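K.L.:
upload.pdb is the file, holding PDB, N, CA and C atoms, pLDDT in the B column:
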```
ATOM      1  N   MET A   1     137.080  -2.554  46.829  1.00 45.00           N
ATOM      2  CA  MET A   1     138.400  -2.822  47.350  1.00 45.00           C
ATOM      3  C   MET A   1     138.355  -4.128  48.145  1.00 45.00           C
ATOM      4  N   GLY A   2     139.319  -5.014  47.886  1.00 48.00           N
ATOM      5  CA  GLY A   2     139.348  -6.307  48.552  1.00 48.00           C
ATOM      6  C   GLY A   2     139.843  -6.210  49.977  1.00 48.00           C
ATOM      7  N   GLN A   3     139.807  -7.336  50.648  1.00 48.00           N
ATOM      8  CA  GLN A   3     140.203  -7.366  52.048  1.00 48.00           C
ATOM      9  C   GLN A   3     141.666  -6.974  52.219  1.00 48.00           C
ATOM     10  N   ALA A   4     142.541  -7.424  51.314  1.00 48.00           N
ATOM     11  CA  ALA A   4     143.960  -7.072  51.408  1.00 48.00           C
ATOM     12  C   ALA A   4     144.136  -5.563  51.280  1.00 48.00           C
ATOM     13  N   GLY A   5     143.381  -4.946  50.396  1.00 47.00           N
ATOM     14  CA  GLY A   5     143.465  -3.508  50.216  1.00 47.00           C
ATOM     15  C   GLY A   5     142.998  -2.749  51.446  1.00 47.00           C
ATOM     16  N   GLN A   6     142.030  -3.303  52.165  1.00 46.00           N
ATOM     17  CA  GLN A   6     141.540  -2.660  53.372  1.00 46.00           C
ATOM     18  C   GLN A   6     142.577  -2.699  54.479  1.00 46.00           C
ATOM     19  N   ARG A   7     143.398  -3.747  54.500  1.00 47.00           N
ATOM     20  CA  ARG A   7     144.422  -3.871  55.545  1.00 47.00           C
ATOM     21  C   ARG A   7     145.585  -2.932  55.306  1.00 47.00           C
ATOM     22  N   GLN A   8     145.849  -2.612  54.059  1.00 48.00           N
ATOM     23  CA  GLN A   8     146.981  -1.767  53.717  1.00 48.00           C
ATOM     24  C   GLN A   8     146.824  -0.402  54.378  1.00 48.00           C
ATOM     25  N   GLY A   9     147.889   0.067  54.980  1.00 49.00           N
ATOM     26  CA  GLY A   9     147.842   1.378  55.603  1.00 49.00           C
ATOM     27  C   GLY A   9     147.461   1.362  57.070  1.00 49.00           C
ATOM     28  N   ARG A  10     146.993   0.262  57.565  1.00 49.00           N
ATOM     29  CA  ARG A  10     146.670   0.196  58.990  1.00 49.00           C
ATOM     30  C   ARG A  10     147.954   0.128  59.797  1.00 49.00           C
ATOM     31  N   SER A  11     147.949   0.739  60.951  1.00 52.00           N
ATOM     32  CA  SER A  11     149.161   0.747  61.759  1.00 52.00           C
ATOM     33  C   SER A  11     149.223  -0.430  62.728  1.00 52.00           C
ATOM     34  N   SER A  12     148.134  -1.158  62.891  1.00 58.00           N
ATOM     35  CA  SER A  12     148.161  -2.292  63.813  1.00 58.00           C
ATOM     36  C   SER A  12     148.919  -3.451  63.190  1.00 58.00           C
ATOM     37  N   ARG A  13     149.581  -4.206  64.028  1.00 60.00           N
ATOM     38  CA  ARG A  13     150.392  -5.324  63.555  1.00 60.00           C
ATOM     39  C   ARG A  13     149.571  -6.605  63.642  1.00 60.00           C
ATOM     40  N   SER A  14     149.708  -7.433  62.626  1.00 68.00           N
ATOM     41  CA  SER A  14     148.965  -8.685  62.619  1.00 68.00           C
ATOM     42  C   SER A  14     149.837  -9.858  63.059  1.00 68.00           C
ATOM     43  N   ASN A  15     151.133  -9.620  63.253  1.00 72.00           N
ATOM     44  CA  ASN A  15     152.022 -10.693  63.680  1.00 72.00           C
ATOM     45  C   ASN A  15     151.949 -10.848  65.198  1.00 72.00           C
ATOM     46  N   ASN A  16     151.457 -11.978  65.631  1.00 83.00           N
ATOM     47  CA  ASN A  16     151.378 -12.256  67.060  1.00 83.00           C
ATOM     48  C   ASN A  16     152.414 -13.308  67.405  1.00 83.00           C
ATOM     49  N   LEU A  17     153.169 -13.061  68.454  1.00 82.00           N
ATOM     50  CA  LEU A  17     154.184 -14.013  68.880  1.00 82.00           C
ATOM     51  C   LEU A  17     153.538 -15.204  69.565  1.00 82.00           C
ATOM     52  N   VAL A  18     154.044 -16.377  69.271  1.00 87.00           N
ATOM     53  CA  VAL A  18     153.570 -17.585  69.948  1.00 87.00           C
ATOM     54  C   VAL A  18     153.998 -17.534  71.403  1.00 87.00           C
ATOM     55  N   VAL A  19     155.201 -17.020  71.633  1.00 86.00           N
ATOM     56  CA  VAL A  19     155.743 -16.859  72.990  1.00 86.00           C
ATOM     57  C   VAL A  19     156.013 -15.363  73.199  1.00 86.00           C
ATOM     58  N   PRO A  20     155.034 -14.625  73.725  1.00 86.00           N
ATOM     59  CA  PRO A  20     155.196 -13.178  73.882  1.00 86.00           C
ATOM     60  C   PRO A  20     156.421 -12.777  74.708  1.00 86.00           C
ATOM     61  N   GLN A  21     156.865 -13.640  75.593  1.00 89.00           N
ATOM     62  CA  GLN A  21     158.032 -13.337  76.423  1.00 89.00           C
ATOM     63  C   GLN A  21     159.316 -13.258  75.586  1.00 89.00           C
ATOM     64  N   ALA A  22     159.279 -13.730  74.360  1.00 88.00           N
ATOM     65  CA  ALA A  22     160.448 -13.709  73.488  1.00 88.00           C
ATOM     66  C   ALA A  22     160.603 -12.370  72.770  1.00 88.00           C
ATOM     67  N   ASN A  23     159.676 -11.454  72.960  1.00 89.00           N
ATOM     68  CA  ASN A  23     159.692 -10.189  72.242  1.00 89.00           C
ATOM     69  C   ASN A  23     161.002  -9.424  72.433  1.00 89.00           C
ATOM     70  N   ALA A  24     161.486  -9.305  73.646  1.00 90.00           N
ATOM     71  CA  ALA A  24     162.722  -8.550  73.896  1.00 90.00           C
ATOM     72  C   ALA A  24     163.906  -9.185  73.178  1.00 90.00           C
ATOM     73  N   ALA A  25     164.001 -10.506  73.212  1.00 91.00           N
ATOM     74  CA  ALA A  25     165.105 -11.195  72.536  1.00 91.00           C
ATOM     75  C   ALA A  25     165.011 -11.016  71.026  1.00 91.00           C
ATOM     76  N   LEU A  26     163.805 -11.044  70.471  1.00 90.00           N
ATOM     77  CA  LEU A  26     163.627 -10.846  69.033  1.00 90.00           C
ATOM     78  C   LEU A  26     163.970  -9.416  68.625  1.00 90.00           C
ATOM     79  N   GLN A  27     163.609  -8.449  69.451  1.00 89.00           N
ATOM     80  CA  GLN A  27     163.962  -7.054  69.165  1.00 89.00           C
ATOM     81  C   GLN A  27     165.474  -6.875  69.193  1.00 89.00           C
ATOM     82  N   GLN A  28     166.147  -7.526  70.134  1.00 92.00           N
ATOM     83  CA  GLN A  28     167.607  -7.458  70.211  1.00 92.00           C
ATOM     84  C   GLN A  28     168.236  -8.096  68.972  1.00 92.00           C
ATOM     85  N   LEU A  29     167.696  -9.221  68.542  1.00 92.00           N
ATOM     86  CA  LEU A  29     168.190  -9.898  67.346  1.00 92.00           C
ATOM     87  C   LEU A  29     168.015  -8.994  66.121  1.00 92.00           C
ATOM     88  N   LYS A  30     166.870  -8.315  66.015  1.00 90.00           N
ATOM     89  CA  LYS A  30     166.623  -7.396  64.910  1.00 90.00           C
ATOM     90  C   LYS A  30     167.636  -6.249  64.931  1.00 90.00           C
ATOM     91  N   PHE A  31     167.909  -5.710  66.110  1.00 91.00           N
ATOM     92  CA  PHE A  31     168.859  -4.623  66.249  1.00 91.00           C
ATOM     93  C   PHE A  31     170.264  -5.062  65.835  1.00 91.00           C
ATOM     94  N   GLU A  32     170.692  -6.244  66.289  1.00 91.00           N
ATOM     95  CA  GLU A  32     172.011  -6.763  65.945  1.00 91.00           C
ATOM     96  C   GLU A  32     172.126  -7.028  64.441  1.00 91.00           C
ATOM     97  N   ALA A  33     171.081  -7.589  63.861  1.00 91.00           N
ATOM     98  CA  ALA A  33     171.084  -7.866  62.426  1.00 91.00           C
ATOM     99  C   ALA A  33     171.187  -6.566  61.638  1.00 91.00           C
ATOM    100  N   ALA A  34     170.436  -5.564  62.045  1.00 90.00           N
ATOM    101  CA  ALA A  34     170.467  -4.275  61.356  1.00 90.00           C
ATOM    102  C   ALA A  34     171.857  -3.654  61.441  1.00 90.00           C
ATOM    103  N   GLN A  35     172.486  -3.748  62.603  1.00 91.00           N
ATOM    104  CA  GLN A  35     173.840  -3.215  62.760  1.00 91.00           C
ATOM    105  C   GLN A  35     174.807  -3.903  61.801  1.00 91.00           C
ATOM    106  N   GLU A  36     174.739  -5.226  61.736  1.00 91.00           N
ATOM    107  CA  GLU A  36     175.644  -5.982  60.877  1.00 91.00           C
ATOM    108  C   GLU A  36     175.422  -5.672  59.401  1.00 91.00           C
ATOM    109  N   LEU A  37     174.178  -5.389  59.032  1.00 89.00           N
ATOM    110  CA  LEU A  37     173.858  -5.114  57.632  1.00 89.00           C
ATOM    111  C   LEU A  37     173.947  -3.627  57.286  1.00 89.00           C
ATOM    112  N   GLY A  38     174.149  -2.782  58.288  1.00 88.00           N
ATOM    113  CA  GLY A  38     174.234  -1.345  58.044  1.00 88.00           C
ATOM    114  C   GLY A  38     172.896  -0.692  57.785  1.00 88.00           C
ATOM    115  N   VAL A  39     171.818  -1.293  58.310  1.00 87.00           N
ATOM    116  CA  VAL A  39     170.466  -0.749  58.161  1.00 87.00           C
ATOM    117  C   VAL A  39     170.071  -0.118  59.487  1.00 87.00           C
ATOM    118  N   THR A  40     169.560   1.107  59.441  1.00 87.00           N
ATOM    119  CA  THR A  40     169.130   1.800  60.649  1.00 87.00           C
ATOM    120  C   THR A  40     167.680   1.432  60.948  1.00 87.00           C
ATOM    121  N   ILE A  41     167.415   0.994  62.176  1.00 86.00           N
ATOM    122  CA  ILE A  41     166.047   0.672  62.593  1.00 86.00           C
ATOM    123  C   ILE A  41     165.299   1.991  62.826  1.00 86.00           C
ATOM    124  N   PRO A  42     164.134   2.176  62.201  1.00 87.00           N
ATOM    125  CA  PRO A  42     163.394   3.426  62.404  1.00 87.00           C
ATOM    126  C   PRO A  42     162.857   3.522  63.834  1.00 87.00           C
ATOM    127  N   GLN A  43     163.024   4.676  64.440  1.00 87.00           N
ATOM    128  CA  GLN A  43     162.575   4.890  65.819  1.00 87.00           C
ATOM    129  C   GLN A  43     161.065   4.731  65.968  1.00 87.00           C
ATOM    130  N   ASP A  44     160.318   5.121  64.928  1.00 89.00           N
ATOM    131  CA  ASP A  44     158.857   5.042  65.013  1.00 89.00           C
ATOM    132  C   ASP A  44     158.300   3.701  64.547  1.00 89.00           C
ATOM    133  N   GLY A  45     159.185   2.794  64.089  1.00 82.00           N
ATOM    134  CA  GLY A  45     158.737   1.475  63.659  1.00 82.00           C
ATOM    135  C   GLY A  45     158.175   1.420  62.254  1.00 82.00           C
ATOM    136  N   TYR A  46     158.198   2.535  61.537  1.00 88.00           N
ATOM    137  CA  TYR A  46     157.650   2.600  60.181  1.00 88.00           C
ATOM    138  C   TYR A  46     158.750   2.298  59.174  1.00 88.00           C
ATOM    139  N   TYR A  47     158.576   1.237  58.405  1.00 86.00           N
ATOM    140  CA  TYR A  47     159.568   0.810  57.427  1.00 86.00           C
ATOM    141  C   TYR A  47     159.213   1.234  56.004  1.00 86.00           C
ATOM    142  N   GLY A  48     158.202   2.079  55.829  1.00 89.00           N
ATOM    143  CA  GLY A  48     157.735   2.479  54.507  1.00 89.00           C
ATOM    144  C   GLY A  48     158.754   3.231  53.679  1.00 89.00           C
ATOM    145  N   ASN A  49     159.737   3.828  54.317  1.00 89.00           N
ATOM    146  CA  ASN A  49     160.758   4.574  53.585  1.00 89.00           C
ATOM    147  C   ASN A  49     161.974   3.723  53.235  1.00 89.00           C
ATOM    148  N   TYR A  50     161.914   2.443  53.527  1.00 89.00           N
ATOM    149  CA  TYR A  50     163.023   1.534  53.258  1.00 89.00           C
ATOM    150  C   TYR A  50     162.767   0.777  51.964  1.00 89.00           C
ATOM    151  N   THR A  51     163.853   0.368  51.314  1.00 90.00           N
ATOM    152  CA  THR A  51     163.701  -0.394  50.084  1.00 90.00           C
ATOM    153  C   THR A  51     163.362  -1.846  50.415  1.00 90.00           C
ATOM    154  N   SER A  52     162.817  -2.526  49.438  1.00 92.00           N
ATOM    155  CA  SER A  52     162.530  -3.952  49.611  1.00 92.00           C
ATOM    156  C   SER A  52     163.819  -4.720  49.868  1.00 92.00           C
ATOM    157  N   ARG A  53     164.899  -4.277  49.247  1.00 90.00           N
ATOM    158  CA  ARG A  53     166.200  -4.925  49.442  1.00 90.00           C
ATOM    159  C   ARG A  53     166.639  -4.822  50.909  1.00 90.00           C
ATOM    160  N   GLU A  54     166.480  -3.635  51.510  1.00 89.00           N
ATOM    161  CA  GLU A  54     166.891  -3.437  52.902  1.00 89.00           C
ATOM    162  C   GLU A  54     166.054  -4.286  53.854  1.00 89.00           C
ATOM    163  N   THR A  55     164.740  -4.224  53.702  1.00 89.00           N
ATOM    164  CA  THR A  55     163.884  -4.982  54.617  1.00 89.00           C
ATOM    165  C   THR A  55     164.000  -6.484  54.360  1.00 89.00           C
ATOM    166  N   GLY A  56     164.168  -6.871  53.089  1.00 91.00           N
ATOM    167  CA  GLY A  56     164.338  -8.283  52.756  1.00 91.00           C
ATOM    168  C   GLY A  56     165.631  -8.840  53.307  1.00 91.00           C
ATOM    169  N   SER A  57     166.697  -8.058  53.218  1.00 90.00           N
ATOM    170  CA  SER A  57     167.986  -8.480  53.764  1.00 90.00           C
ATOM    171  C   SER A  57     167.895  -8.656  55.269  1.00 90.00           C
ATOM    172  N   LEU A  58     167.232  -7.716  55.916  1.00 91.00           N
ATOM    173  CA  LEU A  58     167.075  -7.784  57.365  1.00 91.00           C
ATOM    174  C   LEU A  58     166.255  -9.007  57.765  1.00 91.00           C
ATOM    175  N   GLY A  59     165.136  -9.223  57.106  1.00 91.00           N
ATOM    176  CA  GLY A  59     164.291 -10.382  57.399  1.00 91.00           C
ATOM    177  C   GLY A  59     164.990 -11.697  57.114  1.00 91.00           C
ATOM    178  N   GLY A  60     165.714 -11.749  56.005  1.00 94.00           N
ATOM    179  CA  GLY A  60     166.448 -12.959  55.650  1.00 94.00           C
ATOM    180  C   GLY A  60     167.543 -13.272  56.650  1.00 94.00           C
ATOM    181  N   TYR A  61     168.252 -12.246  57.095  1.00 93.00           N
ATOM    182  CA  TYR A  61     169.317 -12.433  58.078  1.00 93.00           C
ATOM    183  C   TYR A  61     168.741 -12.933  59.405  1.00 93.00           C
ATOM    184  N   ILE A  62     167.646 -12.332  59.831  1.00 92.00           N
ATOM    185  CA  ILE A  62     167.008 -12.743  61.087  1.00 92.00           C
ATOM    186  C   ILE A  62     166.549 -14.195  60.991  1.00 92.00           C
ATOM    187  N   THR A  63     165.942 -14.571  59.870  1.00 94.00           N
ATOM    188  CA  THR A  63     165.492 -15.951  59.682  1.00 94.00           C
ATOM    189  C   THR A  63     166.673 -16.915  59.731  1.00 94.00           C
ATOM    190  N   LYS A  64     167.744 -16.576  59.045  1.00 94.00           N
ATOM    191  CA  LYS A  64     168.947 -17.406  59.047  1.00 94.00           C
ATOM    192  C   LYS A  64     169.475 -17.591  60.471  1.00 94.00           C
ATOM    193  N   ARG A  65     169.512 -16.510  61.223  1.00 93.00           N
ATOM    194  CA  ARG A  65     170.025 -16.563  62.601  1.00 93.00           C
ATOM    195  C   ARG A  65     169.097 -17.393  63.502  1.00 93.00           C
ATOM    196  N   LEU A  66     167.786 -17.262  63.319  1.00 92.00           N
ATOM    197  CA  LEU A  66     166.840 -18.046  64.116  1.00 92.00           C
ATOM    198  C   LEU A  66     166.973 -19.537  63.819  1.00 92.00           C
ATOM    199  N   VAL A  67     167.199 -19.883  62.549  1.00 95.00           N
ATOM    200  CA  VAL A  67     167.404 -21.287  62.181  1.00 95.00           C
ATOM    201  C   VAL A  67     168.681 -21.802  62.840  1.00 95.00           C
ATOM    202  N   GLN A  68     169.744 -21.011  62.824  1.00 94.00           N
ATOM    203  CA  GLN A  68     170.994 -21.417  63.476  1.00 94.00           C
ATOM    204  C   GLN A  68     170.781 -21.665  64.967  1.00 94.00           C
ATOM    205  N   LEU A  69     170.060 -20.759  65.620  1.00 91.00           N
ATOM    206  CA  LEU A  69     169.789 -20.912  67.050  1.00 91.00           C
ATOM    207  C   LEU A  69     168.976 -22.176  67.331  1.00 91.00           C
ATOM    208  N   ALA A  70     167.984 -22.438  66.498  1.00 92.00           N
ATOM    209  CA  ALA A  70     167.159 -23.634  66.679  1.00 92.00           C
ATOM    210  C   ALA A  70     167.977 -24.899  66.458  1.00 92.00           C
ATOM    211  N   GLU A  71     168.838 -24.898  65.445  1.00 94.00           N
ATOM    212  CA  GLU A  71     169.682 -26.065  65.191  1.00 94.00           C
ATOM    213  C   GLU A  71     170.619 -26.326  66.363  1.00 94.00           C
ATOM    214  N   GLN A  72     171.188 -25.273  66.918  1.00 93.00           N
ATOM    215  CA  GLN A  72     172.068 -25.420  68.075  1.00 93.00           C
ATOM    216  C   GLN A  72     171.305 -25.991  69.259  1.00 93.00           C
ATOM    217  N   GLN A  73     170.114 -25.479  69.483  1.00 92.00           N
ATOM    218  CA  GLN A  73     169.306 -25.956  70.606  1.00 92.00           C
ATOM    219  C   GLN A  73     168.917 -27.412  70.416  1.00 92.00           C
ATOM    220  N   LEU A  74     168.551 -27.785  69.196  1.00 94.00           N
ATOM    221  CA  LEU A  74     168.159 -29.168  68.927  1.00 94.00           C
ATOM    222  C   LEU A  74     169.339 -30.133  69.063  1.00 94.00           C
ATOM    223  N   SER A  75     170.527 -29.649  68.751  1.00 92.00           N
ATOM    224  CA  SER A  75     171.700 -30.516  68.847  1.00 92.00           C
ATOM    225  C   SER A  75     172.292 -30.544  70.253  1.00 92.00           C
ATOM    226  N   GLY A  76     171.750 -29.703  71.149  1.00 85.00           N
ATOM    227  CA  GLY A  76     172.242 -29.677  72.533  1.00 85.00           C
ATOM    228  C   GLY A  76     173.414 -28.745  72.745  1.00 85.00           C
ATOM    229  N   ARG A  77     173.784 -27.998  71.714  1.00 71.00           N
ATOM    230  CA  ARG A  77     174.891 -27.044  71.839  1.00 71.00           C
ATOM    231  C   ARG A  77     174.351 -25.666  72.188  1.00 71.00           C
ATOM    232  N   SER A  78     175.200 -24.849  72.750  1.00 60.00           N
ATOM    233  CA  SER A  78     174.858 -23.439  72.950  1.00 60.00           C
ATOM    234  C   SER A  78     176.084 -22.603  72.673  1.00 60.00           C
ATOM    235  N   ASN A  79     175.872 -21.372  72.255  1.00 57.00           N
ATOM    236  CA  ASN A  79     176.979 -20.470  71.949  1.00 57.00           C
ATOM    237  C   ASN A  79     177.348 -19.651  73.133  1.00 57.00           C
TER     238      ASN A  79
END
```
Would it be possible to restate this file's structure as structure tokens?
P.N.:
Amino acid sequence: MGQAGQRQGRSSRSNNLVVPQANAALQQLKFEAAQELGVTIPQDGYYGNYTSRETGSLGGYITKRLVQLAEQQLSGRSN
């Protein structure tokens, strides 16, 4: 079994935030995105029962929103 196969099924997260203090804001953004898309965030954090479409839509929406926020910040505007 390769290294990727060994990682599968582990509950530890490999995504580390560059700015750990942003965690609360990112969680809020995820919650808002899920509400807008009609996706329920799992209480236990396990997304294994969700379709690729649901998780992909959520991730895509969050990315789009983060790009918008960065563009606003770079242009000197704020919402």
K.L.:
Which distance in Å separates CA of Lys30 in chain A and CA of Ile62 in chain A, to one decimal?
P.N.:
6.6 Å
K.L.:
For atom N of Leu66 in chain A and atom N of Gln27 in chain A, quote the distance in Å rounded to one decimal.
P.N.:
11.5 Å
K.L.:
Please indicate the distance in Å from CA of Gln73 in chain A to CA of Ala34 in chain A, rounded to one decimal place.
P.N.:
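Rounded to one decimal, the two atoms are 23.6 Å apart.
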K.L.:
With only C-alpha atoms as the counted atoms, please give the residues lying no more than 12 Å from Tyr50 in chain A, apart from itself and same-chain residues fewer than 6 positions off, as a list in words.
P.N.:
Val39, Thr40, Ile41, Pro42, Gly56, Ser57 and Leu58 of chain A
K.L.:
Report, as JSON, the centre and edge lengths in Å (one decimal) of the axis-aligned box enclosing every listed atom of range 59-72 of chain A, padded by 5 Å on each side.
P.N.:
```
{"center_x": 168.2, "center_y": -17.8, "center_z": 62.5, "size_x": 17.8, "size_y": 27.1, "size_z": 23.6}
```
